[in-house]
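Here's input-v7.csv, which has CSV, C-alpha atoms:
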```csv
chain,number,residue,atom,x,y,z
A,22,MET,CA,27.6,117.0,49.7
A,23,LEU,CA,30.2,114.9,48.0
A,24,SER,CA,33.5,116.2,46.6
A,25,ASP,CA,36.8,114.7,45.5
A,26,LYS,CA,38.7,117.2,47.6
A,27,PRO,CA,40.0,116.5,51.1
A,28,VAL,CA,37.6,117.1,54.0
A,29,VAL,CA,38.5,120.2,56.2
A,30,PHE,CA,35.9,120.0,58.9
A,31,SER,CA,33.8,116.9,59.7
A,32,ALA,CA,31.0,117.0,62.2
A,33,LYS,CA,29.0,114.0,63.3
A,34,ARG,CA,25.9,114.7,65.3
A,35,ILE,CA,27.5,117.4,67.4
A,36,SER,CA,25.6,119.4,70.1
A,37,LYS,CA,26.7,122.2,72.4
A,38,ASP,CA,24.9,122.8,75.7
A,39,PHE,CA,25.2,125.8,78.1
A,40,GLY,CA,24.1,125.8,81.7
A,41,ALA,CA,22.5,122.9,83.6
A,42,GLY,CA,19.2,121.8,85.0
A,43,LYS,CA,16.3,124.2,84.4
A,44,SER,CA,18.7,126.7,82.8
A,45,LEU,CA,20.1,124.3,80.3
A,46,LYS,CA,20.2,125.7,76.7
A,47,THR,CA,21.2,123.7,73.7
A,48,ALA,CA,22.7,126.1,71.1
A,49,VAL,CA,23.7,123.5,68.5
A,50,LYS,CA,21.6,120.4,68.2
A,51,ASP,CA,22.7,117.2,66.5
A,52,VAL,CA,24.4,118.8,63.6
A,53,SER,CA,26.4,116.9,60.9
A,54,PHE,CA,28.3,118.2,57.9
A,55,ASP,CA,31.5,117.9,55.9
A,56,ILE,CA,33.3,121.0,54.5
A,57,TYR,CA,35.9,120.5,51.8
A,58,ASP,CA,39.1,122.2,50.7
A,59,GLU,CA,38.6,125.3,48.7
A,60,GLU,CA,34.9,125.4,49.3
A,61,PHE,CA,33.1,128.7,49.9
A,62,ILE,CA,30.1,127.9,52.1
A,63,SER,CA,27.6,130.1,53.9
A,64,ILE,CA,25.8,129.3,57.1
A,65,VAL,CA,22.6,131.5,57.1
A,66,GLY,CA,20.3,132.1,60.0
A,67,GLY,CA,18.7,134.7,62.3
A,68,SER,CA,20.1,135.9,65.6
A,69,GLY,CA,20.3,133.2,68.2
A,70,CYS,CA,20.1,130.3,65.8
A,71,GLY,CA,23.5,128.9,66.9
A,72,LYS,CA,25.6,129.8,63.9
A,73,SER,CA,28.2,131.8,65.9
A,74,VAL,CA,28.5,129.0,68.5
A,75,LEU,CA,29.2,126.6,65.6
A,76,ALA,CA,31.9,129.0,64.4
A,77,LYS,CA,33.6,128.9,67.8
A,78,ILE,CA,33.5,125.1,67.7
A,79,MET,CA,35.3,125.3,64.3
A,80,LEU,CA,37.9,127.6,65.9
A,81,GLY,CA,38.4,125.3,68.8
A,82,LEU,CA,37.1,127.9,71.3
A,83,TYR,CA,34.2,125.5,72.3
A,84,LYS,CA,34.2,121.8,72.4
A,85,PRO,CA,31.0,120.0,71.5
A,86,THR,CA,29.1,118.6,74.5
A,87,ARG,CA,28.2,115.5,72.3
A,88,GLY,CA,29.2,114.1,69.0
A,89,GLN,CA,32.5,114.1,67.1
A,90,PHE,CA,34.2,117.1,65.5
A,91,LEU,CA,37.4,116.8,63.5
A,92,TYR,CA,39.7,119.1,61.6
A,93,ARG,CA,41.5,117.3,58.8
A,94,ASP,CA,40.5,113.9,60.4
A,95,LYS,CA,41.9,114.9,63.8
A,96,PRO,CA,40.4,116.4,67.0
A,97,ILE,CA,41.4,120.0,67.8
A,98,LYS,CA,44.0,119.8,70.6
A,99,ASN,CA,46.7,122.4,70.0
A,100,LEU,CA,45.0,125.8,69.6
A,101,LYS,CA,48.1,127.7,68.4
A,102,ALA,CA,48.8,125.1,65.7
A,103,HIS,CA,45.1,125.2,64.8
A,104,TRP,CA,45.1,129.0,64.5
A,105,ASN,CA,48.1,128.8,62.3
A,106,GLU,CA,45.8,127.4,59.7
A,107,VAL,CA,42.3,128.5,60.8
A,108,GLN,CA,41.6,132.2,61.3
A,109,SER,CA,38.5,134.3,61.9
A,110,VAL,CA,36.8,137.6,61.3
A,111,PHE,CA,34.1,138.5,63.8
A,112,GLN,CA,31.3,141.1,63.8
A,113,ASP,CA,32.8,143.3,66.5
A,114,PRO,CA,36.2,144.5,65.3
A,115,PHE,CA,36.9,146.6,68.4
A,116,GLY,CA,36.8,143.5,70.6
A,117,CYS,CA,39.6,142.0,68.5
A,118,PHE,CA,42.1,144.9,68.8
A,119,ASN,CA,43.9,146.3,71.9
A,120,GLN,CA,43.1,150.0,72.1
A,121,PHE,CA,46.5,150.8,73.6
A,122,PHE,CA,48.6,149.7,70.6
A,123,THR,CA,48.8,151.1,67.1
A,124,ILE,CA,46.9,149.3,64.4
A,125,ARG,CA,50.0,148.6,62.3
A,126,SER,CA,51.9,147.1,65.3
A,127,GLN,CA,49.0,144.7,65.9
A,128,LEU,CA,48.6,143.7,62.2
A,129,GLU,CA,52.4,143.0,62.1
A,130,ASP,CA,52.3,141.1,65.4
A,131,ALA,CA,49.6,138.8,64.0
A,132,LEU,CA,52.1,137.3,61.7
A,133,ASN,CA,54.0,135.9,64.7
A,134,ILE,CA,51.6,133.0,64.8
A,135,LEU,CA,52.9,131.7,61.5
A,136,LYS,CA,55.0,128.6,61.8
A,137,ASP,CA,57.7,130.0,59.4
A,138,LYS,CA,58.0,133.5,60.6
A,139,PRO,CA,58.7,136.0,57.8
A,140,SER,CA,61.4,138.6,58.0
A,141,LYS,CA,60.7,142.2,59.2
A,142,GLU,CA,60.6,143.5,55.6
A,143,GLU,CA,58.3,140.6,54.5
A,144,VAL,CA,56.0,141.3,57.4
A,145,ARG,CA,55.7,145.0,56.5
A,146,ARG,CA,55.1,144.1,52.8
A,147,ARG,CA,52.4,141.6,53.6
A,148,VAL,CA,50.6,144.0,55.9
A,149,ASP,CA,50.8,146.8,53.3
A,150,GLU,CA,49.4,144.4,50.7
A,151,GLY,CA,46.6,143.4,53.1
A,152,LEU,CA,45.6,147.0,53.7
A,153,MET,CA,45.6,147.8,50.0
A,154,ALA,CA,43.5,144.7,49.3
A,155,VAL,CA,40.7,146.3,51.4
A,156,ASN,CA,41.2,149.7,49.8
A,157,VAL,CA,43.1,151.4,52.6
A,158,LYS,CA,46.4,153.2,51.9
A,159,PRO,CA,49.1,152.1,54.4
A,160,GLU,CA,50.0,155.7,55.2
A,161,ASP,CA,46.4,156.4,56.3
A,162,ILE,CA,46.8,154.2,59.4
A,163,GLU,CA,50.3,155.1,60.3
A,164,GLY,CA,50.5,155.9,64.0
A,165,LYS,CA,46.8,155.4,64.5
A,166,TYR,CA,45.0,153.5,67.3
A,167,PRO,CA,41.8,151.5,67.0
A,168,PHE,CA,39.6,154.1,68.8
A,169,GLU,CA,40.6,156.7,66.1
A,170,LEU,CA,38.8,154.6,63.3
A,171,SER,CA,35.1,153.9,62.7
A,172,GLY,CA,33.5,150.5,63.0
A,173,GLY,CA,33.6,150.0,59.2
A,174,GLN,CA,37.3,151.0,59.0
A,175,MET,CA,38.1,148.6,61.9
A,176,GLN,CA,36.3,145.8,60.1
A,177,ARG,CA,38.5,146.4,57.1
A,178,MET,CA,41.5,146.1,59.5
A,179,LEU,CA,40.3,142.6,60.5
A,180,LEU,CA,40.1,141.7,56.8
A,181,ALA,CA,43.5,143.2,56.1
A,182,ARG,CA,44.9,140.9,58.8
A,183,ILE,CA,43.4,137.9,56.9
A,184,PHE,CA,44.9,139.0,53.6
A,185,ALA,CA,48.3,139.4,55.3
A,186,LEU,CA,48.1,136.0,57.1
A,187,ARG,CA,46.5,134.0,54.2
A,188,PRO,CA,45.2,131.1,56.3
A,189,LYS,CA,44.1,127.8,54.9
A,190,VAL,CA,40.6,128.3,56.4
A,191,LEU,CA,38.7,131.5,57.1
A,192,ILE,CA,35.7,131.7,59.4
A,193,ALA,CA,33.9,135.0,58.7
A,194,ASP,CA,31.1,135.7,61.2
A,195,GLU,CA,29.1,138.7,59.9
A,196,ALA,CA,32.4,140.0,58.5
A,197,THR,CA,31.0,142.7,56.3
A,198,SER,CA,28.2,144.0,58.6
A,199,MET,CA,29.8,147.4,59.3
A,200,VAL,CA,30.8,148.4,55.8
A,201,ASP,CA,28.7,150.0,53.1
A,202,ALA,CA,27.2,148.1,50.2
A,203,CYS,CA,29.9,149.1,47.7
A,204,SER,CA,32.7,148.2,50.1
A,205,ARG,CA,30.9,145.0,51.0
A,206,ALA,CA,30.8,143.8,47.4
A,207,THR,CA,34.5,144.7,46.9
A,208,ILE,CA,35.5,142.8,50.0
A,209,LEU,CA,33.5,139.7,49.1
A,210,ASP,CA,35.1,139.8,45.6
A,211,MET,CA,38.5,140.0,47.3
A,212,LEU,CA,37.7,137.0,49.5
A,213,LEU,CA,36.7,135.0,46.4
A,214,GLN,CA,39.9,136.1,44.7
A,215,LEU,CA,42.0,135.1,47.7
A,216,ARG,CA,40.2,131.7,47.7
A,217,ASP,CA,41.0,131.2,44.1
A,218,GLU,CA,44.7,132.3,44.5
A,219,THR,CA,45.5,130.4,47.6
A,220,GLY,CA,43.0,127.6,47.8
A,221,MET,CA,41.6,128.9,51.1
A,222,THR,CA,38.4,127.4,52.4
A,223,VAL,CA,35.9,130.1,53.5
A,224,ILE,CA,33.0,129.6,56.0
A,225,PHE,CA,30.9,132.7,55.7
A,226,ILE,CA,28.3,133.2,58.5
A,227,THR,CA,25.5,135.6,57.8
A,228,HIS,CA,21.9,136.5,58.3
A,229,ASP,CA,21.7,137.9,54.7
A,230,ILE,CA,20.6,135.2,52.3
A,231,GLY,CA,21.3,137.5,49.3
A,232,LEU,CA,25.0,137.7,50.2
A,233,ALA,CA,25.1,133.9,50.7
A,234,TYR,CA,23.7,133.4,47.2
A,235,TYR,CA,26.2,135.9,45.7
A,236,ILE,CA,29.3,134.2,47.0
A,237,SER,CA,28.7,130.6,48.0
A,238,ASP,CA,29.2,127.2,46.5
A,239,THR,CA,27.1,125.6,49.2
A,240,VAL,CA,24.5,127.1,51.6
A,241,TYR,CA,23.4,125.8,55.0
A,242,ILE,CA,20.2,127.2,56.5
A,243,MET,CA,20.2,127.1,60.3
A,244,GLU,CA,17.3,127.5,62.7
A,245,HIS,CA,17.0,126.7,66.4
A,246,GLY,CA,20.4,125.1,66.4
A,247,LYS,CA,19.8,122.8,63.5
A,248,PHE,CA,20.5,122.7,59.8
A,249,VAL,CA,17.0,122.7,58.2
A,250,GLU,CA,18.2,122.8,54.6
A,251,TYR,CA,21.5,122.6,52.7
A,252,GLY,CA,22.8,122.2,49.2
A,253,LYS,CA,24.2,124.1,46.2
A,254,ALA,CA,23.4,127.8,46.4
A,255,ASP,CA,21.2,127.7,43.3
A,256,GLU,CA,19.2,124.8,44.7
A,257,VAL,CA,18.7,126.2,48.1
A,258,ILE,CA,17.9,129.8,47.1
A,259,LEU,CA,16.0,129.3,43.9
A,260,ASN,CA,14.3,126.0,44.6
A,261,PRO,CA,14.0,125.8,48.5
```
Can the structure from this file be put into structure tokens for me?
Amino acid sequence: MLSDKPVVFSAKRISKDFGAGKSLKTAVKDVSFDIYDEEFISIVGGSGCGKSVLAKIMLGLYKPTRGQFLYRDKPIKNLKAHWNEVQSVFQDPFGCFNQFFTIRSQLEDALNILKDKPSKEEVRRRVDEGLMAVNVKPEDIEGKYPFELSGGQMQRMLLARIFALRPKVLIADEATSMVDACSRATILDMLLQLRDETGMTVIFITHDIGLAYYISDTVYIMEHGKFVEYGKADEVILNP
């Protein structure tokens, strides 16, 4: 796909292997792509197709076994600097929060990763705005711990963190899987609004091709570690 905007992620024939010998498994196989600033793309595929492994390569958690992977024309070396610009929302929200600290304290602590740390008052304001963006009243989570909320509520907390941080790139891996259909549509609309307001690039990883069609500029279909089709959402969904 060609665009006049800067390239955010560039992959040239990347592969990721796990194990060795007879137990060797290749999760991502010879994948190439370019993702551009302000693009909203979806990577669609079933369980085990490699899409979550690809997300972790984008986050810098995995390095490709083969091939070249760049973020804004450079390899990922400093994870803290990378995460200052690139953030994620994963499917399991409970694995992303410490059960022994209050939700608010963890949402506020998340802003410490920012290069220009905001004031205490600004931190509180941004966290409150993040909560309201996902239809949660700030007073409803005061003094509460992660184990006191449902899976759907905790997924909203992950999204509230993103609205507070406002990263340049968001990697959302099954980010709306635990919320109901009405909340899902609201959250997706909010992500689109945040993209439009801040120029954020969104990589939305899902097994739901209907959601991908609803929100995406570009859709990649992944199967057995490879992209088997990609293009504009209308082209891929309506004329596969």
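Of the residues listed (A:Lys165, A:Lys101, A:Ile226, A:Val148), A:Lys165 shows the shortest atom-to-atom separation from Phe122 of chain A; distances use all atoms listed in the file.
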Give me, please, the distance in Å between atom CA of Ala48 of chain A and atom CA of Ile35 of chain A, quoted to one decimal. 10.6 Å
List the spatial neighbours of Asn260 of chain A as a PyMOL selection string - criterion: any atom at most 12 Å away, only C-alpha atoms, same-chain residues fewer than 5 positions off excluded. chain A and resi 250-255
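These residues, each with an atom at most 10 Å from (46.2, 147.0, 51.8) using all atoms listed in the file, are Arg146, Arg147, Val148, Asp149, Glu150, Gly151, Leu152, Met153, Ala154, Val155, Asn156, Val157, Lys158, Pro159, Arg177, Met178, Leu180, Ala181, Arg182, Phe184 and Ala185 of chain A.
Note that atom CA of Val107 of chain A and atom CA of Thr219 of chain A are 13.7 Å apart.
From atom CA of Asp194 of chain A back to atom CA of Gly66 of chain A, the distance works out to 11.4 Å.
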Pick from A:Leu186, A:Ile124, A:Leu135, A:Ala202: nearest to Asp161 of chain A, with only C-alpha atoms counted? A:Ile124
Spatial neighbours of Ser63 of chain A, 9 Å, all atoms listed in the file, chain gap at least 2 places, as a list in words: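 Skipping anything fewer than 2 positions along the chain leaves Phe61, Val65, Val223, Ile224, Phe225, Ile226, Thr227, Ile230, Leu232, Ala233, Tyr234, Ile236, Ser237, Asp238, Thr239, Val240, Tyr241, Ile242 and Ala254 of chain A.
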Residues within 9 Å of segment 25-32 of chain A, all atoms listed in the file, excluding chain neighbours under 2 positions, as a short mmCIF file (atom, residue, chain, number, x, y, z; two decimals) with C-alpha atoms, keeping the file's coordinate frame:
```cif
data_model
loop_
_atom_site.label_atom_id
_atom_site.label_comp_id
_atom_site.auth_asym_id
_atom_site.auth_seq_id
_atom_site.Cartn_x
_atom_site.Cartn_y
_atom_site.Cartn_z
CA LEU A 23 30.20 114.90 48.00
CA ARG A 34 25.90 114.70 65.30
CA ILE A 35 27.50 117.40 67.40
CA VAL A 52 24.40 118.80 63.60
CA SER A 53 26.40 116.90 60.90
CA PHE A 54 28.30 118.20 57.90
CA ASP A 55 31.50 117.90 55.90
CA ILE A 56 33.30 121.00 54.50
CA TYR A 57 35.90 120.50 51.80
CA ASP A 58 39.10 122.20 50.70
CA GLU A 59 38.60 125.30 48.70
CA MET A 79 35.30 125.30 64.30
CA GLY A 88 29.20 114.10 69.00
CA GLN A 89 32.50 114.10 67.10
CA PHE A 90 34.20 117.10 65.50
CA LEU A 91 37.40 116.80 63.50
CA TYR A 92 39.70 119.10 61.60
CA ARG A 93 41.50 117.30 58.80
CA ASP A 94 40.50 113.90 60.40
CA VAL A 190 40.60 128.30 56.40
CA THR A 222 38.40 127.40 52.40
#
```
Nearest residue to Thr47 of chain A from the set A:Gly67, A:Gly173, A:Gly220, A:Pro85 (distances using all atoms listed in the file): A:Pro85
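Near Gln108 of chain A, within a cut-off of 8 Å and counting only C-alpha atoms, sit the residues Leu80, Trp104, Asn105, Ile183, Pro188, Val190, Leu191 and Ile192 of chain A, with same-chain residues fewer than 3 positions away left out.
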Those same residues, written as an mmCIF file, keeping the file's coordinate frame with C-alpha atoms?
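part_36.cif, freshly written:
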```cif
data_model
loop_
_atom_site.group_PDB
_atom_site.id
_atom_site.type_symbol
_atom_site.label_atom_id
_atom_site.label_comp_id
_atom_site.auth_asym_id
_atom_site.auth_seq_id
_atom_site.Cartn_x
_atom_site.Cartn_y
_atom_site.Cartn_z
ATOM 1 C CA LEU A 80 37.900 127.600 65.900
ATOM 2 C CA TRP A 104 45.100 129.000 64.500
ATOM 3 C CA ASN A 105 48.100 128.800 62.300
ATOM 4 C CA ILE A 183 43.400 137.900 56.900
ATOM 5 C CA PRO A 188 45.200 131.100 56.300
ATOM 6 C CA VAL A 190 40.600 128.300 56.400
ATOM 7 C CA LEU A 191 38.700 131.500 57.100
ATOM 8 C CA ILE A 192 35.700 131.700 59.400
#
```
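Nearest to Asp137 of chain A of all the residues A:Glu160, A:Gly116, A:Lys84, A:Ala102 is A:Ala102, based on all atoms listed in the file.
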Taking all atoms listed in the file into account, name the residue in A:Glu256, A:Asp229, A:Glu143, A:Asp51 that is nearest to Lys37 of chain A.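 Smallest distance to Lys37 of chain A is found for A:Asp51.
The residues that lie within 12 Å of the point (19.3, 129.9, 67.4), counting only C-alpha atoms, are Lys37, Lys46, Thr47, Ala48, Val49, Lys50, Val65, Gly66, Gly67, Ser68, Gly69, Cys70, Gly71, Lys72, Ser73, Val74, Leu75, His228, Ile242, Met243, Glu244, His245, Gly246, Lys247, Phe248 and Val249 of chain A.
Using all atoms listed in the file, the nearest neighbour of Lys189 of chain A within the list A:Val257, A:Met221, A:Val144, A:Gln127 is A:Met221.
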